[in-house]
file run-v3.cif (mmCIF, C-alpha atoms)
data_input
loop_
_atom_site.label_atom_id
_atom_site.label_comp_id
_atom_site.auth_asym_id
_atom_site.auth_seq_id
_atom_site.Cartn_x
_atom_site.Cartn_y
_atom_site.Cartn_z
CA MET V 337 219.75 -0.13 174.33
CA LYS V 338 218.26 3.19 175.39
CA ARG V 339 214.81 1.73 174.97
CA SER V 340 215.71 -1.23 177.18
CA ILE V 341 217.01 1.08 179.94
CA LEU V 342 213.84 3.18 179.71
CA LEU V 343 211.61 0.11 180.00
CA SER V 344 213.60 -1.12 182.99
CA PHE V 345 213.20 2.27 184.67
CA LEU V 346 209.43 2.32 184.06
CA LEU V 347 209.11 -1.23 185.40
CA LEU V 348 211.02 -0.27 188.56
CA ALA V 349 208.81 2.79 189.06
CA PHE V 350 205.69 0.65 188.63
CA ILE V 351 206.92 -1.88 191.22
CA MET V 352 207.71 0.90 193.72
CA ALA V 353 204.28 2.47 193.20
CA PHE V 354 202.58 -0.89 193.62
CA ASN V 355 204.46 -1.60 196.83
CA SER V 356 203.61 1.84 198.11
CA CYS V 357 199.90 1.24 197.48
CA GLY V 358 200.20 -2.13 199.12
CA SER V 359 201.76 -0.69 202.26
CA LYS V 360 198.97 1.91 202.47
CA LYS V 361 196.42 -0.84 202.14
CA ASP V 362 198.16 -2.78 204.90
CA ALA V 363 198.09 0.30 207.10
CA VAL V 364 194.33 0.56 206.58
CA LEU V 365 193.87 -3.10 207.43
CA GLN V 366 195.97 -2.68 210.57
CA GLU V 367 193.42 -0.30 212.12
CA THR V 368 191.10 -2.84 213.70
CA ARG V 369 189.72 -0.62 216.45
CA SER V 370 186.20 0.79 216.28
CA PRO V 371 185.71 4.59 216.32
CA GLU V 372 184.64 4.31 219.96
CA GLU V 373 187.81 2.42 220.85
CA ILE V 374 190.02 4.91 219.03
CA LEU V 375 188.37 7.78 220.89
CA GLN V 376 188.83 5.98 224.23
CA ASP V 377 192.49 5.30 223.47
CA GLY V 378 193.00 8.95 222.58
CA ASP V 379 191.30 10.03 225.80
CA LEU V 380 193.60 7.77 227.82
CA LEU V 381 196.69 9.25 226.17
CA PHE V 382 195.34 12.76 226.77
CA ALA V 383 194.72 11.99 230.46
CA GLN V 384 198.31 10.75 230.70
CA GLY V 385 199.57 14.04 229.29
CA ASP V 386 200.78 12.54 225.99
CA TYR V 387 199.03 15.15 223.87
CA LYS V 388 200.98 14.48 220.66
CA SER V 389 200.07 10.78 220.65
CA ALA V 390 196.49 11.64 221.59
CA LEU V 391 196.31 14.04 218.64
CA ASP V 392 197.63 11.36 216.27
CA THR V 393 195.06 8.89 217.62
CA TYR V 394 192.11 11.25 217.11
CA GLN V 395 193.35 11.98 213.59
CA ARG V 396 193.28 8.25 212.83
CA LEU V 397 189.57 8.25 213.59
CA LEU V 398 189.04 10.96 210.96
CA ILE V 399 191.22 9.11 208.42
CA PHE V 400 189.77 5.63 208.82
CA TYR V 401 186.16 6.55 209.70
CA PRO V 402 185.45 9.83 207.85
CA THR V 403 181.66 9.33 208.07
CA SER V 404 181.56 8.36 211.75
CA GLU V 405 179.17 10.18 214.07
CA LEU V 406 182.16 10.61 216.39
CA ASP V 407 183.89 12.81 213.82
CA ILE V 408 183.07 16.04 215.65
CA ASP V 409 184.05 14.56 219.03
CA ALA V 410 187.45 13.70 217.59
CA LYS V 411 187.85 17.24 216.22
CA LEU V 412 186.92 18.79 219.58
CA ARG V 413 189.52 16.65 221.29
CA MET V 414 192.06 17.57 218.62
CA ALA V 415 191.40 21.23 219.44
CA GLU V 416 192.13 20.45 223.11
CA CYS V 417 195.40 18.78 222.07
CA TYR V 418 196.43 21.78 219.97
CA ASN V 419 195.76 23.97 223.00
CA LYS V 420 197.95 21.82 225.25
CA LEU V 421 200.67 21.70 222.59
CA GLU V 422 200.46 25.53 222.31
CA GLU V 423 199.56 25.30 218.62
CA TYR V 424 196.89 27.94 219.05
CA GLU V 425 196.44 28.92 215.40
CA LYS V 426 195.65 25.32 214.47
CA GLN V 427 193.25 25.14 217.40
CA MET V 428 191.33 28.25 216.33
CA ASP V 429 191.30 27.30 212.63
CA LEU V 430 189.76 23.94 213.51
CA LEU V 431 187.17 25.46 215.85
CA LEU V 432 186.10 28.15 213.37
CA GLN V 433 185.80 25.52 210.64
CA MET V 434 183.52 23.48 212.92
CA LEU V 435 181.37 26.52 213.71
CA LYS V 436 181.09 27.35 210.02
CA GLU V 437 179.97 23.83 209.20
CA ASN V 438 177.57 23.76 212.19
CA LEU V 439 176.55 20.21 211.29
CA ILE V 440 175.52 19.21 214.82
CA PRO V 441 173.93 22.02 216.90
CA GLU V 442 174.17 19.82 220.00
CA LYS V 443 177.96 20.28 219.92
CA VAL V 444 177.99 24.07 219.54
CA PRO V 445 178.37 24.79 223.30
CA ALA V 446 181.45 22.55 223.37
CA ILE V 447 182.94 24.56 220.49
CA TYR V 448 182.23 27.83 222.32
CA VAL V 449 183.93 26.45 225.44
CA GLN V 450 187.00 25.57 223.39
CA ILE V 451 187.12 29.08 221.93
CA GLY V 452 186.83 30.50 225.44
CA LYS V 453 189.84 28.41 226.48
CA TYR V 454 191.73 29.75 223.47
CA TYR V 455 191.25 33.31 224.72
CA GLU V 456 192.19 32.31 228.26
CA GLU V 457 195.50 31.05 226.91
CA ALA V 458 195.92 34.15 224.72
CA ALA V 459 195.69 36.29 227.87
CA ARG V 460 198.88 34.71 229.20
CA PHE V 461 200.91 36.09 226.29
CA ASN V 462 199.46 39.60 226.12
CA PRO V 463 200.25 42.84 227.98
CA GLN V 464 198.01 43.66 230.94
CA ASN V 465 195.30 45.65 229.10
CA ALA V 466 195.00 43.16 226.25
CA ASP V 467 195.12 40.43 228.86
CA THR V 468 191.91 41.76 230.44
CA MET V 469 190.21 42.00 227.04
CA ASP V 470 191.08 38.38 226.28
CA TYR V 471 189.59 37.26 229.60
CA LYS V 472 186.42 39.25 228.87
CA THR V 473 186.19 37.61 225.44
CA ALA V 474 186.63 34.20 227.05
CA ILE V 475 183.70 34.95 229.41
CA GLU V 476 181.58 36.06 226.43
CA TYR V 477 182.10 32.71 224.71
CA TYR V 478 181.38 30.80 227.91
CA GLN V 479 178.14 32.78 228.21
CA ARG V 480 177.26 31.87 224.63
CA ALA V 481 177.76 28.21 225.47
CA ILE V 482 175.43 28.50 228.48
CA LYS V 483 172.72 30.40 226.59
CA TYR V 484 172.77 28.31 223.40
CA GLU V 485 169.21 26.99 223.22
CA ASP V 486 169.52 24.31 220.53
CA SER V 487 171.65 22.05 222.73
CA ASN V 488 171.17 20.19 225.99
CA ASP V 489 174.89 19.52 226.42
CA GLU V 490 174.97 19.78 230.23
CA TRP V 491 178.65 18.88 230.44
CA SER V 492 179.76 21.81 228.26
CA LYS V 493 177.37 24.26 229.88
CA ALA V 494 178.55 23.22 233.35
CA GLU V 495 182.16 23.57 232.23
CA ALA V 496 181.41 27.05 230.87
CA LYS V 497 179.95 28.16 234.23
CA TYR V 498 182.92 26.70 236.08
CA ARG V 499 185.44 28.40 233.81
CA ILE V 500 183.68 31.74 234.21
CA GLY V 501 184.45 31.40 237.91
CA LEU V 502 188.06 30.58 237.11
CA VAL V 503 188.43 33.60 234.81
CA TYR V 504 186.94 35.95 237.42
CA ALA V 505 189.45 34.55 239.92
CA LYS V 506 192.26 35.23 237.43
CA ILE V 507 191.31 38.90 237.18
CA GLY V 508 190.90 39.22 240.94
CA LYS V 509 187.09 39.37 241.11
CA LEU V 510 186.73 36.74 243.82
CA ASP V 511 183.12 37.55 244.78
CA GLN V 512 182.00 36.96 241.20
CA ALA V 513 184.16 33.84 241.06
CA ARG V 514 182.36 32.47 244.14
CA GLU V 515 178.97 33.24 242.58
CA ALA V 516 179.93 31.37 239.42
CA TYR V 517 181.15 28.34 241.38
CA GLU V 518 177.99 28.30 243.50
CA ARG V 519 175.89 28.40 240.34
CA VAL V 520 177.58 25.25 239.05
CA ILE V 521 176.93 23.47 242.35
CA VAL V 522 173.23 24.40 242.32
CA GLU V 523 172.45 23.99 238.61
CA ASN V 524 174.80 21.15 237.59
CA ALA V 525 175.19 19.14 240.77
CA GLU V 526 175.54 15.80 238.95
CA THR V 527 178.53 16.86 236.83
CA PRO V 528 182.21 16.65 237.82
CA PHE V 529 182.37 20.45 237.56
CA ALA V 530 180.23 20.74 240.70
CA VAL V 531 182.98 18.88 242.56
CA LEU V 532 185.66 21.15 241.07
CA ALA V 533 183.58 24.20 242.05
CA GLN V 534 183.37 22.97 245.65
CA ILE V 535 187.15 22.55 245.70
CA LYS V 536 187.61 26.10 244.39
CA LEU V 537 185.21 27.54 246.96
CA GLN V 538 187.59 26.35 249.68
CA ASN V 539 190.18 28.74 248.25
CA PRO V 540 188.84 30.87 245.35
CA ASP V 541 192.16 32.57 244.62
CA ASN V 542 193.72 29.19 243.76
CA LEU V 543 194.05 29.26 239.95
CA MET V 544 195.38 25.72 239.49
CA GLU V 545 193.75 23.72 236.70
CA LEU V 546 191.85 20.70 238.05
CA SER V 547 191.26 17.45 236.19
CA THR V 548 187.92 15.87 235.29
CA VAL V 549 189.45 12.41 234.97
CA PRO V 550 187.31 9.99 237.07
CA ASP V 551 190.21 9.06 239.39
CA SER V 552 190.89 12.75 240.07
CA ILE V 553 187.21 13.45 240.76
CA GLU V 554 187.11 10.61 243.31
CA ALA V 555 190.24 12.03 244.98
CA TYR V 556 188.62 15.50 245.13
CA LYS V 557 185.46 14.03 246.65
CA ALA V 558 187.50 12.24 249.29
CA ARG V 559 189.33 15.47 250.09
CA LEU V 560 186.07 17.40 250.35
CA GLY V 561 184.59 14.71 252.61
CA SER V 562 187.65 14.91 254.84
CA LEU V 563 187.43 18.70 255.07
CA LEU V 564 183.72 18.60 255.94
CA GLN V 565 184.29 15.91 258.56
CA GLN V 566 187.09 17.93 260.15
CA ALA V 567 184.84 20.99 260.25
CA GLU V 568 182.09 19.00 262.00
CA GLU V 569 184.44 17.35 264.50
CA LYS V 570 186.46 20.45 265.39
CA PRO V 571 184.64 22.27 268.24
CA MET V 572 184.36 26.01 267.78
CA PRO V 573 185.87 28.13 270.60
CA GLU V 574 183.15 29.26 273.01
CA GLU V 575 183.84 32.96 272.40
CA GLN V 576 183.35 32.50 268.62
CA ARG V 577 180.17 30.42 268.88
CA THR V 578 176.99 32.22 267.84
CA PRO V 579 174.43 31.96 270.70
CA SER V 580 171.07 30.45 269.93
CA LEU V 581 167.95 32.61 270.12
CA GLU V 582 166.95 30.83 273.36
CA GLU V 583 170.32 31.59 274.96
CA TYR V 584 170.09 35.20 273.88
CA ILE V 585 166.63 35.63 275.46
CA GLN V 586 167.73 33.98 278.71
CA THR V 587 170.89 36.15 278.93
CA PRO V 588 169.89 39.62 277.76
CA GLU V 589 173.15 41.23 278.84
CA MET V 590 175.70 39.46 276.67
CA PRO V 591 179.38 39.84 277.57
CA ALA V 592 181.41 41.91 275.13
CA THR V 593 183.44 39.98 272.58
CA PRO V 594 187.18 40.66 272.24
CA ALA V 595 186.39 42.80 269.19
CA ASP V 596 183.91 44.88 271.17
CA THR V 597 186.41 45.34 274.01
CA SER V 598 189.16 46.53 271.70
CA GLY V 599 186.75 48.91 270.06
CA THR V 600 185.80 50.38 273.44
CA SER V 601 189.43 50.86 274.48
CA GLU V 602 190.18 52.71 271.24
CA GLU V 603 187.29 55.06 271.88
CA ASN V 604 188.57 55.73 275.41
#

call {"tool": "encode", "arguments": {"input": "run-v3.cif", "output": "structure tokens"}}
result
Amino acid sequence: MKRSILLSFLLLAFIMAFNSCGSKKDAVLQETRSPEEILQDGDLLFAQGDYKSALDTYQRLLIFYPTSELDIDAKLRMAECYNKLEEYEKQMDLLLQMLKENLIPEKVPAIYVQIGKYYEEAARFNPQNADTMDYKTAIEYYQRAIKYEDSNDEWSKAEAKYRIGLVYAKIGKLDQAREAYERVIVENAETPFAVLAQIKLQNPDNLMELSTVPDSIEAYKARLGSLLQQAEEKPMPEEQRTPSLEEYIQTPEMPATPADTSGTSEEN
């Protein structure tokens, strides 16, 4: 009797184990997307702000295609998701693991950029002095990304230059922020970060995060075009217009500007 019960129990356990394996196999067969398609789907979810679902999607790429060349791209995007989800320890652990492996030097600037973002976020949770140190560390990693010679990853290097400008703006160094933004525009004109830099130059003390999603970039370009058109169409008041050299020669005794007049009255 006892033996019969034991055999029945073992048979039940075997059936449950078999069904479990079968369901896992079914789950594998259900993933019909290519690595490229999984990455695109994850990017779409990320752009929509659904960072948890994006993270799960990128993880599927690692599970179902462990030898894919897109493995490191998925991990970089996972680090971005951890950042957005405020799971900073997981973000840094993943980034340091990637640096240690260093399997693809081309991707190293992207890893440095992610570490820089980690320190930018850390600054938000630290007292003022530590806050400044975190921002300085972020700039150091962005500089490493820019200077890394074994990679031609223009996107990451342009992003690093742009974020240096953003960090300088955060610590109130607006002149250095402008210089950083101008550098992006000159050196990486074909990247979306050149557009973001132009937006920031309109108001450097604006610390809002801007999106690199194609639709957002097109909206920024339209806004910039509108601003430039308004500047061209709006006539400058005569008293503020800088005279040409010809006008200056023909009228040697220029009338005093309002600023000059007020200065004279103060002296009197």

call {"tool": "closest_residue", "arguments": {"input": "run-v3.cif", "among": "V:Glu495, V:Glu367, V:Asp379, V:Glu372", "to": "V:Pro550", "atoms": "only C-alpha atoms"}}
result
V:Asp379

call {"tool": "closest_residue", "arguments": {"input": "run-v3.cif", "among": "V:Gly385, V:Gly452, V:Pro371, V:Pro463", "to": "V:Pro402", "atoms": "all atoms listed in the file"}}
result
V:Pro371

call {"tool": "resolve_selection", "arguments": {"input": "run-v3.cif", "expression": "the PyMOL selection byres ((chain V and resi 553) around 12)", "output": "PDB file with C-alpha atoms, in the frame of the given file"}}
result
ATOM      1  CA  THR V 527     178.530  16.860 236.830  1.00  0.00           C
ATOM      2  CA  PRO V 528     182.210  16.650 237.820  1.00  0.00           C
ATOM      3  CA  PHE V 529     182.370  20.450 237.560  1.00  0.00           C
ATOM      4  CA  ALA V 530     180.230  20.740 240.700  1.00  0.00           C
ATOM      5  CA  VAL V 531     182.980  18.880 242.560  1.00  0.00           C
ATOM      6  CA  LEU V 532     185.660  21.150 241.070  1.00  0.00           C
ATOM      7  CA  ALA V 533     183.580  24.200 242.050  1.00  0.00           C
ATOM      8  CA  GLN V 534     183.370  22.970 245.650  1.00  0.00           C
ATOM      9  CA  ILE V 535     187.150  22.550 245.700  1.00  0.00           C
ATOM     10  CA  LEU V 546     191.850  20.700 238.050  1.00  0.00           C
ATOM     11  CA  SER V 547     191.260  17.450 236.190  1.00  0.00           C
ATOM     12  CA  THR V 548     187.920  15.870 235.290  1.00  0.00           C
ATOM     13  CA  VAL V 549     189.450  12.410 234.970  1.00  0.00           C
ATOM     14  CA  PRO V 550     187.310   9.990 237.070  1.00  0.00           C
ATOM     15  CA  ASP V 551     190.210   9.060 239.390  1.00  0.00           C
ATOM     16  CA  SER V 552     190.890  12.750 240.070  1.00  0.00           C
ATOM     17  CA  GLU V 554     187.110  10.610 243.310  1.00  0.00           C
ATOM     18  CA  ALA V 555     190.240  12.030 244.980  1.00  0.00           C
ATOM     19  CA  TYR V 556     188.620  15.500 245.130  1.00  0.00           C
ATOM     20  CA  LYS V 557     185.460  14.030 246.650  1.00  0.00           C
ATOM     21  CA  ALA V 558     187.500  12.240 249.290  1.00  0.00           C
ATOM     22  CA  ARG V 559     189.330  15.470 250.090  1.00  0.00           C
ATOM     23  CA  LEU V 560     186.070  17.400 250.350  1.00  0.00           C
TER      24      LEU V 560
END

call {"tool": "residues_around", "arguments": {"input": "run-v3.cif", "residues": "V:Cys417", "least_positions_apart": "4", "cutoff": "10 Å", "atoms": "only C-alpha atoms", "output": "CSV table (one decimal) with C-alpha atoms, in the frame of the given file"}}
result
chain,number,residue,atom,x,y,z
V,382,PHE,CA,195.3,12.8,226.8
V,385,GLY,CA,199.6,14.0,229.3
V,386,ASP,CA,200.8,12.5,226.0
V,387,TYR,CA,199.0,15.2,223.9
V,388,LYS,CA,201.0,14.5,220.7
V,389,SER,CA,200.1,10.8,220.6
V,390,ALA,CA,196.5,11.6,221.6
V,391,LEU,CA,196.3,14.0,218.6
V,392,ASP,CA,197.6,11.4,216.3
V,394,TYR,CA,192.1,11.2,217.1
V,411,LYS,CA,187.8,17.2,216.2
V,412,LEU,CA,186.9,18.8,219.6
V,413,ARG,CA,189.5,16.6,221.3
V,421,LEU,CA,200.7,21.7,222.6
V,422,GLU,CA,200.5,25.5,222.3
V,423,GLU,CA,199.6,25.3,218.6
V,424,TYR,CA,196.9,27.9,219.0
V,427,GLN,CA,193.2,25.1,217.4

call {"tool": "atom_distance", "arguments": {"input": "run-v3.cif", "atom1": "atom CA of V:Lys497", "atom2": "atom CA of V:Asp377"}}
result
28.2 Å

call {"tool": "closest_residue", "arguments": {"input": "run-v3.cif", "among": "V:Gly508, V:Gly378, V:Pro445, V:Gly561", "to": "V:Asn488", "atoms": "all atoms listed in the file"}}
result
V:Pro445

call {"tool": "atom_distance", "arguments": {"input": "run-v3.cif", "atom1": "atom CA of V:Ala459", "atom2": "atom CA of V:Ala474"}}
result
9.3 Å

call {"tool": "axis_aligned_box", "arguments": {"input": "run-v3.cif", "around": "stretch 422-430 of chain V", "padding_each_side": "5 Å", "output": "lines of an AutoDock Vina configuration file"}}
result
center_x = 195.1
center_y = 26.4
center_z = 217.5
size_x = 20.7
size_y = 15.0
size_z = 19.7

call {"tool": "atom_distance", "arguments": {"input": "run-v3.cif", "atom1": "atom CA of V:Tyr504", "atom2": "atom CA of V:Tyr418"}}
result
24.4 Å

call {"tool": "closest_residue", "arguments": {"input": "run-v3.cif", "among": "V:Tyr455, V:Tyr517, V:Phe400, V:Tyr484", "to": "V:Leu502", "atoms": "only C-alpha atoms"}}
result
V:Tyr517

call {"tool": "residues_around", "arguments": {"input": "run-v3.cif", "residues": "stretch 428-434 of chain V", "least_positions_apart": "5", "cutoff": "10 Å", "atoms": "only C-alpha atoms", "output": "PyMOL selection string"}}
result
chain V and resi 408+411-412+414-415+418-419+423+439-440+443-444+446-448+450-451+454-455

call {"tool": "closest_residue", "arguments": {"input": "run-v3.cif", "among": "V:Lys436, V:Lys536, V:Lys426, V:Arg480", "to": "V:Ala505", "atoms": "all atoms listed in the file"}}
result
V:Lys536

call {"tool": "residues_around", "arguments": {"input": "run-v3.cif", "residues": "V:Ala513", "least_positions_apart": "6", "cutoff": "12 Å", "atoms": "all atoms listed in the file", "output": "compact mmCIF listing (two decimals) with C-alpha atoms, in the frame of the given file"}}
result
# COMPACT_ATOMS: atom_id res chain seq x y z
CA ILE V 475 183.70 34.95 229.41
CA LYS V 497 179.95 28.16 234.23
CA TYR V 498 182.92 26.70 236.08
CA ARG V 499 185.44 28.40 233.81
CA ILE V 500 183.68 31.74 234.21
CA GLY V 501 184.45 31.40 237.91
CA LEU V 502 188.06 30.58 237.11
CA VAL V 503 188.43 33.60 234.81
CA TYR V 504 186.94 35.95 237.42
CA ALA V 505 189.45 34.55 239.92
CA LYS V 506 192.26 35.23 237.43
CA ILE V 507 191.31 38.90 237.18
CA ARG V 519 175.89 28.40 240.34
CA VAL V 520 177.58 25.25 239.05
CA ALA V 533 183.58 24.20 242.05
CA GLN V 534 183.37 22.97 245.65
CA LYS V 536 187.61 26.10 244.39
CA LEU V 537 185.21 27.54 246.96
CA GLN V 538 187.59 26.35 249.68
CA ASN V 539 190.18 28.74 248.25
CA PRO V 540 188.84 30.87 245.35
CA ASP V 541 192.16 32.57 244.62
CA ASN V 542 193.72 29.19 243.76
CA LEU V 543 194.05 29.26 239.95
